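File shown: structure-v6.cif. Contents: mmCIF, C-alpha atoms.
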```cif
data_input
#
loop_
_atom_site.label_atom_id
_atom_site.label_comp_id
_atom_site.auth_asym_id
_atom_site.auth_seq_id
_atom_site.Cartn_x
_atom_site.Cartn_y
_atom_site.Cartn_z
CA MET A 1 0.00 0.00 0.00
CA GLY A 2 1.43 3.38 -0.96
CA ILE A 3 1.52 6.63 0.90
CA LEU A 4 -1.63 7.95 -0.79
CA GLY A 5 -3.63 4.77 -0.62
CA GLY A 6 -3.75 4.18 3.08
CA GLY A 7 -2.20 5.18 6.35
CA GLY A 8 -5.45 6.38 7.84
CA PHE A 9 -5.38 9.94 6.60
CA SER A 10 -7.13 11.93 3.92
CA LEU A 11 -6.06 15.18 2.33
CA PRO A 12 -8.38 18.19 2.31
CA VAL A 13 -10.08 18.76 -1.04
CA ILE A 14 -9.73 22.29 -2.40
CA THR A 15 -12.89 23.79 -3.80
CA GLN A 16 -13.40 26.98 -5.69
CA THR A 17 -15.63 29.19 -3.59
CA GLU A 18 -16.09 32.46 -5.47
CA VAL A 19 -19.55 32.44 -7.03
CA VAL A 20 -21.13 35.61 -8.43
CA ASP A 21 -24.53 36.30 -9.98
CA VAL A 22 -24.02 35.96 -13.71
CA ARG A 23 -25.55 38.36 -16.21
CA ILE A 24 -24.62 37.97 -19.87
CA THR A 25 -25.89 39.58 -23.05
CA VAL A 26 -26.61 37.74 -26.28
CA THR A 27 -27.03 39.62 -29.55
CA GLU A 28 -29.96 39.08 -31.92
CA ASN A 29 -27.63 37.44 -34.44
CA ALA A 30 -26.39 34.98 -31.79
CA ILE A 31 -29.93 34.12 -30.66
CA ASN A 32 -30.99 33.44 -34.26
CA GLN A 33 -27.97 31.23 -34.83
CA MET A 34 -28.57 29.29 -31.59
CA LYS A 35 -32.17 28.63 -32.64
CA LYS A 36 -31.02 27.54 -36.08
CA THR A 37 -28.51 25.15 -34.59
CA MET A 38 -30.95 23.71 -32.07
CA GLN A 39 -33.54 22.98 -34.81
CA GLY A 40 -36.54 23.18 -32.48
CA ASP A 41 -34.93 21.30 -29.56
CA GLU A 42 -35.04 24.31 -27.22
CA GLU A 43 -37.34 22.45 -24.81
CA THR A 44 -34.82 19.70 -24.16
CA HIS A 45 -31.47 21.28 -25.03
CA CYS A 46 -29.49 24.29 -23.90
CA LEU A 47 -26.27 26.12 -24.63
CA VAL A 48 -23.56 25.71 -21.97
CA ILE A 49 -20.83 28.36 -21.99
CA SER A 50 -17.87 27.45 -19.83
CA ALA A 51 -14.19 28.07 -19.22
CA GLN A 52 -11.37 25.62 -18.68
CA SER A 53 -7.67 26.01 -18.04
CA GLY A 54 -5.31 26.13 -21.01
CA GLY A 55 -4.85 28.01 -24.22
CA CYS A 56 -2.14 30.59 -24.76
CA SER A 57 -3.62 33.07 -22.29
CA GLY A 58 -4.63 30.84 -19.37
CA TYR A 59 -8.25 29.87 -19.99
CA LEU A 60 -10.18 28.48 -22.93
CA TYR A 61 -13.83 29.14 -23.76
CA ASP A 62 -16.01 26.15 -24.38
CA MET A 63 -19.53 26.26 -25.89
CA LYS A 64 -21.71 23.21 -26.29
CA ILE A 65 -25.33 22.57 -27.14
CA ILE A 66 -26.31 19.60 -25.02
CA GLU A 67 -29.31 18.00 -23.37
CA LYS A 68 -30.17 20.09 -20.34
CA PRO A 69 -28.02 18.92 -17.41
CA ASP A 70 -29.09 18.88 -13.77
CA SER A 71 -29.58 22.60 -13.07
CA LYS A 72 -27.94 22.32 -9.64
CA ASN A 73 -24.73 24.43 -9.67
CA PHE A 74 -25.76 26.25 -12.88
CA GLN A 75 -27.09 29.74 -13.44
CA ILE A 76 -29.58 29.94 -16.28
CA GLN A 77 -30.65 32.83 -18.51
CA THR A 78 -33.27 32.51 -21.22
CA PHE A 79 -33.09 34.35 -24.54
CA GLU A 80 -36.23 34.03 -26.71
CA GLY A 81 -36.79 30.50 -25.46
CA VAL A 82 -33.14 29.40 -25.65
CA GLU A 83 -31.60 28.65 -22.26
CA VAL A 84 -27.95 29.49 -21.64
CA TYR A 85 -26.29 27.65 -18.73
CA ILE A 86 -23.20 28.89 -16.91
CA HIS A 87 -21.69 26.80 -14.12
CA ASN A 88 -21.16 28.46 -10.73
CA GLY A 89 -17.48 27.52 -10.95
CA ASP A 90 -17.13 29.68 -14.06
CA SER A 91 -19.32 32.54 -12.85
CA SER A 92 -16.51 34.91 -11.86
CA LEU A 93 -14.69 34.32 -15.15
CA LEU A 94 -17.69 34.71 -17.44
CA ASN A 95 -19.95 37.26 -15.74
CA GLY A 96 -20.74 40.17 -18.04
CA LEU A 97 -19.73 38.53 -21.30
CA GLU A 98 -21.39 39.35 -24.59
CA LEU A 99 -22.09 36.59 -27.07
CA ASP A 100 -22.31 37.61 -30.71
CA PHE A 101 -22.44 35.77 -34.02
CA LYS A 102 -20.73 36.97 -37.17
CA ASP A 103 -21.98 35.54 -40.44
CA THR A 104 -18.80 36.01 -42.47
CA LEU A 105 -16.65 33.54 -44.38
CA MET A 106 -13.45 34.63 -42.66
CA GLY A 107 -13.37 35.04 -38.87
CA GLY A 108 -17.04 34.19 -38.65
CA GLY A 109 -18.93 32.22 -36.02
CA PHE A 110 -19.73 32.81 -32.38
CA ASN A 111 -17.68 35.53 -30.80
CA ILE A 112 -17.24 36.26 -27.08
CA THR A 113 -16.35 39.62 -25.59
CA ASN A 114 -15.40 39.20 -21.95
CA PRO A 115 -14.94 42.18 -19.63
CA ASN A 116 -13.02 39.98 -17.17
CA ALA A 117 -10.29 39.22 -19.71
CA SER A 118 -7.16 41.33 -19.47
CA ARG A 119 -5.82 39.66 -22.60
CA GLU A 120 -7.09 37.41 -25.34
CA CYS A 121 -5.43 35.09 -27.82
CA GLY A 122 -5.49 36.06 -31.50
CA CYS A 123 -7.79 33.15 -32.29
CA GLY A 124 -10.35 34.39 -29.74
CA GLN A 125 -10.62 31.06 -27.96
CA SER A 126 -8.28 31.80 -25.07
CA PHE A 127 -8.35 34.56 -22.46
CA GLY A 128 -6.63 35.42 -19.24
CA MET B 129 19.91 -5.34 12.80
CA TRP B 130 23.40 -5.46 14.39
CA LEU B 131 24.92 -5.63 10.90
CA ARG B 132 23.05 -2.47 9.96
CA SER B 133 24.23 -0.79 13.19
CA ILE B 134 27.83 -1.55 12.29
CA PHE B 135 27.21 -0.18 8.80
CA TRP B 136 25.77 3.01 10.29
CA LEU B 137 28.80 3.45 12.55
CA ILE B 138 31.17 3.16 9.61
CA ASN B 139 29.34 5.05 6.88
CA MET B 140 26.56 7.32 8.06
CA ASP B 141 28.72 10.34 8.68
CA ASN B 142 28.88 10.53 4.89
CA ILE B 143 25.13 10.64 4.39
CA ASP B 144 23.04 13.81 4.67
CA TYR B 145 19.39 14.61 4.16
CA TYR B 146 17.56 17.77 3.20
CA ILE B 147 13.88 18.54 3.75
CA HIS B 148 12.55 20.43 0.73
CA ASN B 149 10.42 23.49 1.27
CA CYS B 150 7.95 22.40 -1.38
CA SER B 151 4.24 22.50 -1.84
CA ILE B 152 2.41 19.23 -2.45
CA SER B 153 -0.97 18.79 -4.11
CA VAL B 154 -2.72 15.64 -5.22
CA ALA B 155 -4.95 15.50 -8.30
CA GLU B 156 -7.37 12.65 -8.83
CA GLY B 157 -10.33 11.78 -11.02
CA LYS B 158 -10.44 10.29 -14.51
CA ASP B 159 -9.74 13.63 -16.23
CA CYS B 160 -6.93 14.82 -13.95
CA ILE B 161 -4.11 14.13 -16.43
CA GLU B 162 -5.94 15.94 -19.24
CA HIS B 163 -6.65 18.88 -16.96
CA ILE B 164 -3.11 19.30 -15.61
CA ASN B 165 -1.67 18.76 -19.10
CA ARG B 166 -3.42 21.91 -20.36
CA LEU B 167 -1.55 24.05 -17.81
CA ILE B 168 2.06 22.94 -18.16
CA THR B 169 4.86 23.18 -20.70
CA SER B 170 5.49 19.41 -21.01
CA ASN B 171 3.23 16.66 -22.25
CA ILE B 172 2.12 14.24 -19.53
CA LYS B 173 -0.66 12.53 -21.49
CA SER B 174 1.20 9.24 -21.57
CA ILE B 175 2.70 9.37 -18.07
CA SER B 176 2.83 5.86 -16.63
CA ASP B 177 2.47 4.57 -13.09
CA LEU B 178 5.43 5.61 -10.90
CA GLN B 179 6.87 7.78 -13.66
CA SER B 180 7.58 11.42 -12.88
CA ILE B 181 7.87 14.33 -15.29
CA ASP B 182 9.51 17.65 -14.46
CA THR B 183 7.76 20.61 -16.01
CA LEU B 184 7.05 24.33 -15.77
CA ILE B 185 4.05 26.60 -15.36
CA CYS B 186 4.36 29.86 -17.26
CA ASN B 187 2.20 32.95 -17.50
CA ALA B 188 0.72 34.27 -20.74
CA ASN B 189 3.95 36.21 -21.35
CA GLY B 190 5.89 32.95 -21.34
CA ARG B 191 7.65 33.71 -18.03
CA ILE B 192 8.16 30.93 -15.50
CA THR B 193 5.87 31.17 -12.47
CA ASP B 194 6.48 27.74 -10.93
CA SER B 195 8.29 24.47 -11.57
CA LEU B 196 6.52 21.19 -10.92
CA GLN B 197 7.51 17.60 -10.48
CA ILE B 198 4.51 15.45 -11.35
CA LEU B 199 4.53 11.85 -10.15
CA ARG B 200 1.80 9.44 -11.18
CA ILE B 201 0.79 6.97 -8.49
CA GLN B 202 -1.83 4.65 -9.95
CA GLU B 203 -4.75 6.96 -10.82
CA GLN B 204 -3.51 9.93 -8.84
CA LEU B 205 -0.99 12.65 -9.60
CA LEU B 206 1.29 13.92 -6.88
CA ILE B 207 2.22 17.49 -7.81
CA LEU B 208 5.27 19.02 -6.16
CA GLY B 209 5.78 22.74 -6.63
CA ASN B 210 7.49 25.63 -4.91
CA SER B 211 6.01 26.67 -1.59
CA GLU B 212 6.63 30.37 -2.32
CA VAL B 213 3.88 30.33 -4.98
CA ALA B 214 1.82 27.40 -3.68
CA GLU B 215 -1.43 29.34 -3.34
CA ASP B 216 -1.18 30.95 -6.79
CA THR B 217 -0.43 27.63 -8.48
CA ARG B 218 -3.21 25.81 -6.65
CA LYS B 219 -5.70 28.57 -7.47
CA LEU B 220 -4.71 28.29 -11.13
CA ILE B 221 -5.18 24.53 -11.10
CA VAL B 222 -8.54 24.61 -9.33
CA SER B 223 -10.09 27.54 -11.20
CA GLY B 224 -9.61 25.91 -14.59
CA ILE B 225 -11.46 22.66 -13.95
CA HIS B 226 -14.13 22.22 -16.61
CA TRP B 227 -17.62 21.74 -15.15
CA ASN B 228 -18.00 18.39 -16.89
CA GLU B 229 -14.60 16.97 -15.91
CA ASP B 230 -13.92 14.56 -13.08
CA VAL B 231 -11.02 16.24 -11.25
CA ARG B 232 -10.40 16.79 -7.56
CA ILE B 233 -7.43 18.69 -6.18
CA MET B 234 -6.24 18.07 -2.63
CA ASN B 235 -3.82 19.96 -0.46
CA GLY B 236 -0.96 17.88 0.92
CA ASP B 237 1.03 20.75 2.46
CA GLY B 238 2.27 19.88 5.91
CA ILE B 239 1.05 16.30 5.54
CA LEU B 240 3.45 15.00 2.90
CA SER B 241 7.07 16.07 2.36
CA LYS B 242 9.88 15.51 -0.07
CA ILE B 243 13.31 14.84 1.35
CA SER B 244 16.60 14.19 -0.45
CA ILE B 245 19.19 11.79 0.92
CA ILE B 246 22.66 12.62 -0.36
CA GLY B 247 25.68 10.39 -0.10
CA TYR B 248 28.21 8.32 -1.98
CA GLU B 249 26.76 5.71 -4.29
CA ASP B 250 28.45 2.75 -2.63
CA ASP B 251 27.08 3.73 0.77
CA LEU B 252 23.54 4.32 -0.43
CA LEU B 253 23.37 1.20 -2.57
CA GLU B 254 23.78 -0.78 0.65
CA ILE B 255 20.53 0.66 1.91
CA ILE B 256 18.11 0.98 -0.98
CA PRO B 257 16.24 -2.15 -2.05
CA LYS B 258 18.02 -4.44 -4.48
CA GLU B 259 15.07 -4.55 -6.88
CA TYR B 260 15.37 -0.87 -7.61
CA ASN B 261 16.50 -0.38 -11.16
CA ARG B 262 17.83 3.12 -11.60
CA ILE B 263 18.00 2.79 -15.35
CA ASN B 264 14.24 2.87 -15.87
CA ASN B 265 14.10 6.23 -14.12
CA ASN B 266 10.88 5.41 -12.27
CA TRP B 267 9.99 5.77 -8.62
CA LEU B 268 9.70 2.79 -6.32
CA ASN B 269 7.15 2.17 -3.62
CA TRP B 270 9.42 1.52 -0.64
CA LYS B 271 8.14 0.91 2.88
CA GLU B 272 4.95 2.90 2.18
CA ASN B 273 7.02 5.79 0.82
CA TYR B 274 8.18 6.55 -2.71
CA PHE B 275 11.75 7.09 -3.74
CA LYS B 276 13.86 7.76 -6.78
CA ALA B 277 17.63 7.78 -7.03
CA SER B 278 19.78 9.87 -9.34
CA LYS B 279 23.49 10.31 -9.76
CA HIS B 280 25.14 13.72 -9.44
CA ASN B 281 28.84 13.62 -10.24
CA GLU B 282 30.38 11.37 -7.59
CA ARG B 283 27.38 11.66 -5.25
CA MET B 284 24.00 9.99 -5.32
CA LYS B 285 20.71 11.66 -4.41
CA ILE B 286 17.64 9.76 -3.33
CA ASP B 287 14.40 11.73 -3.34
CA VAL B 288 11.79 10.34 -0.98
CA ILE B 289 8.12 11.25 -0.55
CA VAL B 290 7.27 10.63 3.08
CA LYS B 291 4.61 11.63 5.58
CA THR B 292 5.83 14.80 7.27
CA ASN B 293 5.29 13.48 10.78
CA GLU B 294 7.31 10.36 9.98
CA ILE B 295 10.46 12.02 8.62
CA ASP B 296 12.45 11.58 11.82
CA SER B 297 11.50 7.93 12.27
CA PHE B 298 12.11 7.23 8.55
CA ILE B 299 15.63 8.67 8.76
CA MET B 300 16.39 6.96 12.06
CA GLU B 301 15.08 3.58 10.93
CA ASN B 302 16.87 3.53 7.57
CA PHE B 303 19.93 5.70 7.98
CA GLY B 304 20.62 5.77 11.71
CA PRO B 305 21.39 8.55 14.15
CA ASN B 306 24.44 9.92 12.34
CA CYS B 307 22.60 10.90 9.16
CA ASN B 308 22.92 14.68 9.18
CA LYS B 309 20.19 17.17 8.39
CA LEU B 310 21.48 19.64 5.81
CA GLY B 311 20.95 23.36 6.26
CA ILE B 312 19.93 25.55 3.35
CA GLU B 313 23.52 26.73 2.72
CA LYS B 314 24.84 23.23 2.08
CA TRP B 315 21.83 22.37 -0.05
CA VAL B 316 22.45 25.50 -2.14
CA ASP B 317 26.09 24.39 -2.62
CA PHE B 318 24.88 20.96 -3.76
CA ARG B 319 22.35 22.54 -6.11
CA ILE B 320 24.81 24.91 -7.70
CA SER B 321 27.54 22.35 -8.20
CA ASN B 322 25.05 19.94 -9.82
CA GLY B 323 23.07 22.41 -11.95
CA VAL B 324 19.84 22.10 -10.02
CA LEU B 325 17.72 25.26 -10.32
CA SER B 326 15.21 26.40 -7.72
CA PHE B 327 12.69 29.15 -7.08
CA ASP B 328 15.67 31.46 -6.45
CA GLU B 329 16.12 31.38 -10.22
CA TYR B 330 12.44 31.34 -11.31
CA LYS B 331 11.35 34.27 -9.16
CA HIS B 332 13.07 36.74 -11.50
CA ASN B 333 10.50 36.16 -14.27
CA PHE B 334 12.78 34.48 -16.78
CA LEU B 335 11.74 32.64 -19.89
CA PRO B 336 12.53 28.89 -19.91
CA SER B 337 15.15 29.32 -22.65
CA GLU B 338 16.98 31.98 -20.63
CA LEU B 339 17.55 29.43 -17.86
CA GLY B 340 18.46 26.65 -20.30
CA LEU B 341 15.19 24.85 -19.59
CA ASP B 342 14.15 24.23 -23.20
CA LYS B 343 14.01 20.47 -22.61
CA PHE B 344 11.03 21.02 -20.29
CA VAL B 345 9.06 22.79 -23.05
CA ASP B 346 7.16 20.75 -25.65
CA LEU B 347 6.06 22.99 -28.50
CA LYS B 348 4.27 20.13 -30.23
CA LYS B 349 1.81 19.36 -27.46
CA GLY B 350 -0.64 22.15 -28.33
CA CYS B 351 -1.64 25.29 -26.49
CA TYR B 352 -0.64 26.02 -22.91
CA PRO B 353 -0.16 29.40 -21.21
CA GLY B 354 2.94 30.99 -22.71
CA GLN B 355 3.14 28.66 -25.71
CA GLU B 356 2.68 31.43 -28.26
CA ILE B 357 5.67 33.32 -26.86
CA HIS B 358 7.86 30.22 -26.62
CA ALA B 359 7.09 29.24 -30.21
CA ARG B 360 7.89 32.72 -31.49
CA LEU B 361 11.21 32.82 -29.62
CA GLU B 362 12.17 29.40 -30.90
CA SER B 363 11.46 30.33 -34.51
CA ARG B 364 13.62 33.45 -34.21
CA GLU B 365 16.44 31.52 -32.50
CA LYS B 366 17.53 34.62 -30.65
CA ARG B 367 18.64 34.43 -27.06
CA LYS B 368 20.01 37.35 -25.13
CA LYS B 369 20.21 35.87 -21.64
CA LYS B 370 21.95 32.79 -20.40
CA ILE B 371 22.57 31.03 -17.09
CA LEU B 372 26.16 30.30 -16.08
CA ARG B 373 27.82 28.95 -12.96
CA PHE B 374 30.43 31.28 -11.55
CA SER B 375 33.14 31.14 -8.95
CA SER B 376 35.18 33.92 -7.45
CA ASP B 377 37.66 34.38 -4.63
CA LYS B 378 35.78 37.59 -3.77
CA GLU B 379 32.54 37.54 -1.85
CA ILE B 380 29.68 37.95 -4.30
CA GLN B 381 26.24 38.97 -3.05
CA LEU B 382 22.86 38.10 -4.51
CA GLY B 383 21.47 40.84 -6.68
CA LYS B 384 21.66 42.84 -9.87
CA TYR B 385 24.93 44.10 -11.30
CA VAL B 386 25.64 46.45 -14.15
CA SER B 387 27.52 44.60 -16.88
CA GLY B 388 31.06 45.34 -18.01
CA ASN B 389 30.16 47.96 -20.61
CA GLY B 390 27.55 49.51 -18.35
CA THR B 391 24.56 48.87 -20.57
CA LYS B 392 23.01 45.65 -19.27
CA ILE B 393 22.04 44.11 -15.96
CA ASN B 394 23.35 40.70 -14.89
CA ILE B 395 21.71 38.91 -11.97
CA THR B 396 23.17 36.55 -9.39
CA THR B 397 20.30 34.28 -8.37
CA SER B 398 21.97 31.76 -6.04
CA VAL B 399 25.22 32.17 -4.17
CA GLY B 400 27.12 29.64 -2.10
CA LYS B 401 30.70 28.48 -2.57
CA SER B 402 29.94 29.18 -6.22
CA GLY B 403 26.82 30.66 -7.77
CA PHE B 404 24.38 31.01 -10.63
CA LEU B 405 24.57 34.11 -12.77
CA ILE B 406 22.13 35.14 -15.49
CA ILE B 407 24.02 37.24 -18.02
CA ASN B 408 22.23 39.66 -20.28
CA ASN B 409 24.78 39.97 -23.06
CA LEU B 410 26.39 36.84 -24.44
CA GLU B 411 29.26 38.76 -26.03
CA GLU B 412 30.68 40.53 -23.03
CA GLU B 413 33.45 39.71 -20.59
CA ILE B 414 31.71 38.84 -17.33
CA LYS B 415 32.49 41.17 -14.48
CA ILE B 416 30.88 41.99 -11.17
CA ASN B 417 32.07 45.15 -9.44
CA GLU B 418 35.20 45.12 -11.60
CA PHE B 419 36.02 41.52 -10.62
CA ILE B 420 36.31 39.17 -13.54
CA LEU B 421 34.39 36.00 -12.73
CA LYS B 422 35.37 32.50 -13.69
CA THR B 423 32.31 30.98 -15.30
CA ASP B 424 31.39 27.66 -16.79
CA GLU B 425 28.45 26.30 -18.72
CA LEU B 426 26.01 24.00 -16.94
CA ASP B 427 26.41 20.61 -18.58
CA THR B 428 23.16 19.36 -17.05
CA ILE B 429 20.30 21.47 -15.81
CA GLU B 430 17.59 20.13 -13.53
CA ILE B 431 14.69 21.66 -11.69
CA SER B 432 14.13 20.95 -8.02
#
```

Just give me the structure as structure tokens.
Amino acid sequence: MGILGGGGFSLPVITQTEVVDVRITVTENAINQMKKTMQGDEETHCLVISAQSGGCSGYLYDMKIIEKPDSKNFQIQTFEGVEVYIHNGDSSLLNGLELDFKDTLMGGGFNITNPNASRECGCGQSFG
Amino acid sequence: MWLRSIFWLINMDNIDYYIHNCSISVAEGKDCIEHINRLITSNIKSISDLQSIDTLICNANGRITDSLQILRIQEQLLILGNSEVAEDTRKLIVSGIHWNEDVRIMNGDGILSKISIIGYEDDLLEIIPKEYNRINNNWLNWKENYFKASKHNERMKIDVIVKTNEIDSFIMENFGPNCNKLGIEKWVDFRISNGVLSFDEYKHNFLPSELGLDKFVDLKKGCYPGQEIHARLESREKRKKKILRFSSDKEIQLGKYVSGNGTKINITTSVGKSGFLIINNLEEEIKINEFILKTDELDTIEIS
């Protein structure tokens, strides 16, 4: 048995404690695109916007349309019937962001402007 | 036991140990390797059981903020960093856990410790278990602790992960009463003579290449904080700063010194019987306060 597997002790788990009330804005273009992507599944699906470590600047954005998860630990905002979920753990990193959609061939797609970011990667996926 | 006592009487004056002032965290959960891998300069995706990988954490400007030794123990990662920045590093690790990932981070500070046993190879080989194969470079589970041996010139160093409250009994039981606890000064001398860098070097905000730590940076692994800067520097192949080991018969203090032609700043980061110096102009004669220093290149560079 190794040092971590026994010996009658357990190490304290570190949890992130800073949770703020999240308010985001979503542009008309982004709402239309979300509806188009969801194809009428707004009742059962939602958009989750989240952050994870990595990228050139420290954190990476992640956006997924998924079946609605257990709403515990999420903050939810609804935009014309489309629900956007943000996890409490990401609340301080993502509060105040604006989600836009640009319908252009180059540099198009969903675009996030984050007031908490002091720097952003050129590709727009990473912030810090 | 009496044989071991005789061995202690003959040899243990030659064996020392040092208790590292390091921070220890444990990561667990099925996504912990993926999560930690996104933060560091090396690639640990294929780390195997009892393998350790030395790596760096950098900021978005590519500057070193911490050095880590990551040891995989079954499905857990033991993460050893520098205690001076323990809180910052742990905050970074915890704040970036994706909501849908299975990762837990635990604080092992004060509960687990890393110690280094230093002695001559012949003496230490009498003590460590026979099944230990130094060539494979892995750690060994030894008496509920973990250890790894490495050779440093004519000396051998055995790193051991041990419960903090069992350090004294571990030393007494295995190395006897004459095994000496090293003070920081002697550890610094050992570090400098063997090219082992510490937080004394990192705290000055250097880039990995400036400290000769390129081997701990994997530019093919994908994005990590600082990667953009490291890739750009590598493609330009320009380096202005360099770490050297110096010696002098004059007393040299830690600090910043104006270079020989008065235009650049050189920094002494560690000073013992010899020292580490980061020079800021590769072309110049190296002087400190008008003294010309004897310098040599570090043939091996490690992080502690």

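By chain and then residue number, the residues within 12 Å of A:Ile24 are Asp21, Thr27, Ile49, Gln75, Ile76, Gln77, Thr78, Phe79, Glu83, Val84, Tyr85, Ile86, Ser91, Ser92, Leu93, Leu94, Asn95, Gly96, Leu97, Glu98, Leu99, Asp100, Ile112, Thr113, Asn114 and Pro115 of chain A, counting only C-alpha atoms and disregarding those fewer than 3 positions away in sequence.
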
Which chain B residues are at most 7 Å from chain A (counting only C-alpha atoms), as a ChimeraX atom specification?
/B:166-167,188,222-227,232-236,269,272-273,351-356

Rank nothing, just name the residue among A:Gly81, A:Met63, A:Met38, A:His45 nearest to A:Phe110, using only C-alpha atoms.
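For A:Phe110, the nearest of the candidates is A:Met63.
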
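You will find atom CA of B:Leu361 at 17.1 Å from atom CA of B:Ile185.
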
Using all atoms listed in the file, determine which residues lie at most 6 Å from B:Ile395, disregarding the query and same-chain residues fewer than 5 positions distant; provide the list as a list of chain:residue names.
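Final neighbour list, sorted by chain and number: B:Gly383, B:Lys384, B:Leu405, B:Ile406.
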
Result set, the PyMOL selection byres ((chain B and resi 184) around 7) on current file, as a PyMOL selection string
chain B and resi 168-169+183+185-186+192+194-196+344

Could you please determine the separation between atom CA of A:Gln33 and atom CA of A:Gly109 in Å, to one decimal place?
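Atom-to-atom, atom CA of A:Gln33 to atom CA of A:Gly109, that is 9.2 Å.
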
Write out as a ChimeraX atom specification the residues lying within 7 Å of stretch 364-368 of chain B, counting all atoms listed in the file and excluding same-chain residues fewer than 6 positions away.
/B:408-410

Atom CA of B:Ile207 to atom CA of B:Ser153 measures 5.1 Å

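Candidate residues B:Leu240, B:Ile380, B:Leu339, B:Val316 were compared for distance to B:Ile416, and the nearest is B:Ile380, using all atoms listed in the file.
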
Name all residues at most 7 Å from B:Asp287 (count all atoms listed in the file; drop same-chain ones fewer than 3 positions away) and give them as a count of residues only.
7

Selected residue, from B:Ile172, B:Leu426, B:Ile164, B:Leu268, that lies nearest to B:Lys370 when counting all atoms listed in the file:
B:Leu426

Please provide the set of residues having any atom within 12 Å of B:Thr292, restricted to all atoms listed in the file, with same-chain residues fewer than 4 positions apart removed, written as a PyMOL selection string.
(chain A and resi 3) or (chain B and resi 147-150+152+236-243+273+288+296-299)
